[in-house]
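> Please find final_1.json (JSON, C-alpha atoms) on the next line:
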[["chain", "number", "residue", "atom", "x", "y", "z"],
["A", 1, "MET", "CA", 92.78, 113.38, -81.37],
["A", 2, "LYS", "CA", 94.61, 116.08, -79.42],
["A", 3, "THR", "CA", 92.38, 115.45, -76.40],
["A", 4, "GLY", "CA", 93.31, 111.74, -76.43],
["A", 5, "ALA", "CA", 97.02, 112.57, -76.53],
["A", 6, "TYR", "CA", 96.56, 115.07, -73.69],
["A", 7, "VAL", "CA", 94.74, 112.50, -71.56],
["A", 8, "LEU", "CA", 97.43, 109.91, -72.28],
["A", 9, "ALA", "CA", 100.23, 112.35, -71.42],
["A", 10, "THR", "CA", 98.45, 113.33, -68.20],
["A", 11, "ALA", "CA", 97.95, 109.67, -67.25],
["A", 12, "VAL", "CA", 101.65, 108.93, -67.84],
["A", 13, "LEU", "CA", 102.66, 111.96, -65.77],
["A", 14, "LEU", "CA", 100.36, 110.98, -62.90],
["A", 15, "ALA", "CA", 101.58, 107.38, -62.98],
["A", 16, "GLY", "CA", 105.15, 108.65, -62.78],
["A", 17, "LEU", "CA", 104.30, 110.89, -59.84],
["A", 18, "ASN", "CA", 102.57, 108.01, -58.09],
["A", 19, "ALA", "CA", 105.77, 105.95, -58.35],
["A", 20, "CYS", "CA", 107.93, 108.83, -57.14],
["A", 21, "VAL", "CA", 109.37, 108.35, -53.66],
["A", 22, "ILE", "CA", 110.19, 111.49, -51.71],
["A", 23, "VAL", "CA", 112.05, 110.81, -48.49],
["A", 24, "VAL", "CA", 112.61, 113.21, -45.65],
["A", 25, "ASP", "CA", 114.63, 111.90, -42.72],
["A", 26, "GLU", "CA", 116.06, 114.13, -40.04],
["A", 27, "GLY", "CA", 117.41, 111.23, -37.96],
["A", 28, "GLU", "CA", 121.11, 110.79, -37.27],
["A", 29, "GLY", "CA", 123.25, 108.00, -35.93],
["A", 30, "ASP", "CA", 124.48, 104.58, -36.83],
["A", 31, "VAL", "CA", 122.40, 101.86, -38.38],
["A", 32, "ASP", "CA", 119.69, 100.90, -35.91],
["A", 33, "ALA", "CA", 116.78, 98.67, -36.85],
["A", 34, "THR", "CA", 114.43, 100.70, -34.65],
["A", 35, "TRP", "CA", 114.34, 103.60, -37.15],
["A", 36, "ALA", "CA", 113.76, 101.33, -40.10],
["A", 37, "SER", "CA", 109.98, 101.54, -40.09],
["A", 38, "SER", "CA", 109.60, 105.28, -39.44],
["A", 39, "TYR", "CA", 108.26, 106.15, -42.89],
["A", 40, "SER", "CA", 106.90, 102.79, -43.97],
["A", 41, "SER", "CA", 103.34, 102.69, -45.25],
["A", 42, "THR", "CA", 102.39, 99.05, -44.68],
["A", 43, "ASP", "CA", 103.21, 96.20, -42.31],
["A", 44, "GLU", "CA", 105.05, 94.50, -45.18],
["A", 45, "ASP", "CA", 107.16, 97.62, -45.74],
["A", 46, "SER", "CA", 107.92, 97.84, -42.02],
["A", 47, "GLU", "CA", 109.04, 94.22, -41.94],
["A", 48, "LEU", "CA", 111.14, 94.69, -45.07],
["A", 49, "ALA", "CA", 112.77, 97.81, -43.58],
["A", 50, "ARG", "CA", 113.64, 95.86, -40.42],
["A", 51, "ARG", "CA", 115.16, 93.00, -42.43],
["A", 52, "ILE", "CA", 117.25, 95.45, -44.45],
["A", 53, "GLY", "CA", 118.36, 97.20, -41.25],
["A", 54, "HIS", "CA", 119.42, 93.90, -39.72],
["A", 55, "ARG", "CA", 121.31, 92.92, -42.89],
["A", 56, "LEU", "CA", 123.17, 96.26, -42.92],
["A", 57, "GLU", "CA", 124.00, 95.96, -39.22],
["A", 58, "ALA", "CA", 125.32, 92.42, -39.72],
["A", 59, "ASP", "CA", 127.86, 93.54, -42.32],
["A", 60, "PRO", "CA", 131.14, 94.54, -40.61],
["A", 61, "ALA", "CA", 131.91, 96.96, -43.46],
["A", 62, "LEU", "CA", 128.60, 98.78, -42.97],
["A", 63, "GLU", "CA", 127.82, 98.55, -39.26],
["A", 64, "LYS", "CA", 129.56, 101.84, -38.36],
["A", 65, "GLU", "CA", 128.23, 103.82, -41.32],
["A", 66, "ASP", "CA", 125.54, 106.50, -40.99],
["A", 67, "LEU", "CA", 122.72, 104.76, -42.87],
["A", 68, "HIS", "CA", 118.96, 105.35, -42.83],
["A", 69, "VAL", "CA", 116.37, 103.20, -44.58],
["A", 70, "GLN", "CA", 112.83, 103.92, -45.69],
["A", 71, "VAL", "CA", 110.59, 101.54, -47.59],
["A", 72, "ARG", "CA", 107.43, 102.29, -49.49],
["A", 73, "ARG", "CA", 105.73, 99.63, -51.59],
["A", 74, "GLY", "CA", 108.95, 97.64, -51.79],
["A", 75, "VAL", "CA", 111.03, 100.61, -52.97],
["A", 76, "VAL", "CA", 113.94, 101.15, -50.61],
["A", 77, "THR", "CA", 115.53, 104.55, -50.10],
["A", 78, "LEU", "CA", 118.94, 104.69, -48.45],
["A", 79, "LYS", "CA", 120.11, 107.99, -46.94],
["A", 80, "GLY", "CA", 123.15, 108.96, -44.96],
["A", 81, "GLU", "CA", 126.87, 109.41, -45.31],
["A", 82, "VAL", "CA", 129.44, 106.71, -46.05],
["A", 83, "THR", "CA", 133.22, 106.72, -46.05],
["A", 84, "ASP", "CA", 133.85, 105.83, -49.70],
["A", 85, "ILE", "CA", 132.24, 104.81, -52.99],
["A", 86, "GLN", "CA", 132.88, 101.11, -52.38],
["A", 87, "THR", "CA", 130.92, 101.31, -49.13],
["A", 88, "LEU", "CA", 128.09, 103.12, -50.92],
["A", 89, "ASP", "CA", 127.96, 100.37, -53.53],
["A", 90, "ARG", "CA", 128.06, 97.68, -50.83],
["A", 91, "ALA", "CA", 125.14, 99.28, -48.97],
["A", 92, "VAL", "CA", 123.05, 99.46, -52.15],
["A", 93, "GLN", "CA", 123.89, 95.88, -53.13],
["A", 94, "THR", "CA", 123.17, 94.62, -49.60],
["A", 95, "ALA", "CA", 119.74, 96.28, -49.55],
["A", 96, "ALA", "CA", 118.98, 95.06, -53.08],
["A", 97, "GLY", "CA", 119.80, 91.50, -52.02],
["A", 98, "VAL", "CA", 117.00, 91.34, -49.44],
["A", 99, "GLU", "CA", 113.98, 89.39, -50.64],
["A", 100, "GLY", "CA", 111.02, 91.66, -51.35],
["A", 101, "VAL", "CA", 113.03, 94.68, -52.52],
["A", 102, "ARG", "CA", 111.71, 95.96, -55.85],
["A", 103, "ARG", "CA", 114.18, 98.81, -56.29],
["A", 104, "VAL", "CA", 116.81, 100.70, -54.30],
["A", 105, "VAL", "CA", 117.10, 104.48, -54.47],
["A", 106, "SER", "CA", 120.40, 105.78, -53.11],
["A", 107, "LYS", "CA", 120.47, 109.20, -51.52],
["A", 108, "LEU", "CA", 123.78, 108.32, -49.88],
["A", 109, "THR", "CA", 126.66, 110.78, -49.91],
["A", 110, "VAL", "CA", 130.37, 110.03, -49.67],
["A", 111, "GLU", "CA", 132.45, 111.83, -47.04],
["A", 112, "VAL", "CA", 135.15, 113.96, -48.59],
["A", 113, "SER", "CA", 138.13, 114.65, -46.38],
["A", 114, "PRO", "CA", 139.72, 118.09, -46.73],
["A", 115, "SER", "CA", 143.05, 118.05, -48.55]]
For the structure just supplied, provide its representation as structure tokens.


Amino acid sequence: MKTGAYVLATAVLLAGLNACVIVVDEGEGDVDATWASSYSSTDEDSELARRIGHRLEADPALEKEDLHVQVRRGVVTLKGEVTDIQTLDRAVQTAAGVEGVRRVVSKLTVEVSPS
């Protein structure tokens, strides 16, 4: 019985690790659709990353923000720095609104101006 529970716990742990998305992006600059496929694993992910990049660029509130997008198996990771929490939320909602997105992971940070 203990062996069965151990196998089940191991399977759950491995499934969770398989779904984990780790993103490393050293790029800098404004939103640019050319970077959108850098870490994509399939043609579908590359196309989805480009569509998200175009949608972010088309939004006047987001076009000047420092945003980076990676897609893996339909899971979108946004990285970069934005000017305020409303802009962060808008970027996440914009990415989530693109057809084909399963989930959005935000690694965005908000700029804090010194007081």

> What does the distance from CA of Asp59 in chain A to CA of Val76 in chain A come to in Å, to one decimal?

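Result for CA of Asp59 in chain A versus CA of Val76 in chain A: 17.9 Å, one decimal.
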
> CA of Val92 in chain A and CA of Arg72 in chain A, how far apart in Å?

16.1 Å

> Mind giving me the straight-line distance from CA of Asp45 in chain A to CA of Arg103 in chain A in Å, one decimal?

12.7 Å

> Can you work out which one of A:Val82, A:Leu56, A:Leu48, A:His68 has the shortest atom-to-atom distance to Arg102 in chain A, counting all atoms listed in the file?

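Closest residue, counting all atoms listed in the file: A:Leu48.
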
> Looking at A:Val71, A:Pro114, A:Ala61, A:Gly100, which one is nearest to Leu88 in chain A, with distances taken over only C-alpha atoms?

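Of A:Val71, A:Pro114, A:Ala61, A:Gly100, the one nearest Leu88 in chain A is A:Ala61, counting only C-alpha atoms.
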
> Find the residues around Thr87 in chain A up to 12 Å (all atoms listed in the file counted), leave out those fewer than 2 positions away in its own chain, and share them as a list in words.

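These residues fall inside the cut-off: Leu56, Asp59, Pro60, Ala61, Leu62, Glu63, Lys64, Glu65, Asp66, Leu67, Gly80, Glu81, Val82, Thr83, Asp84, Ile85, Asp89, Arg90, Ala91, Val92, Gln93, Thr94, Leu108, Thr109, Val110 and Glu111 of chain A.
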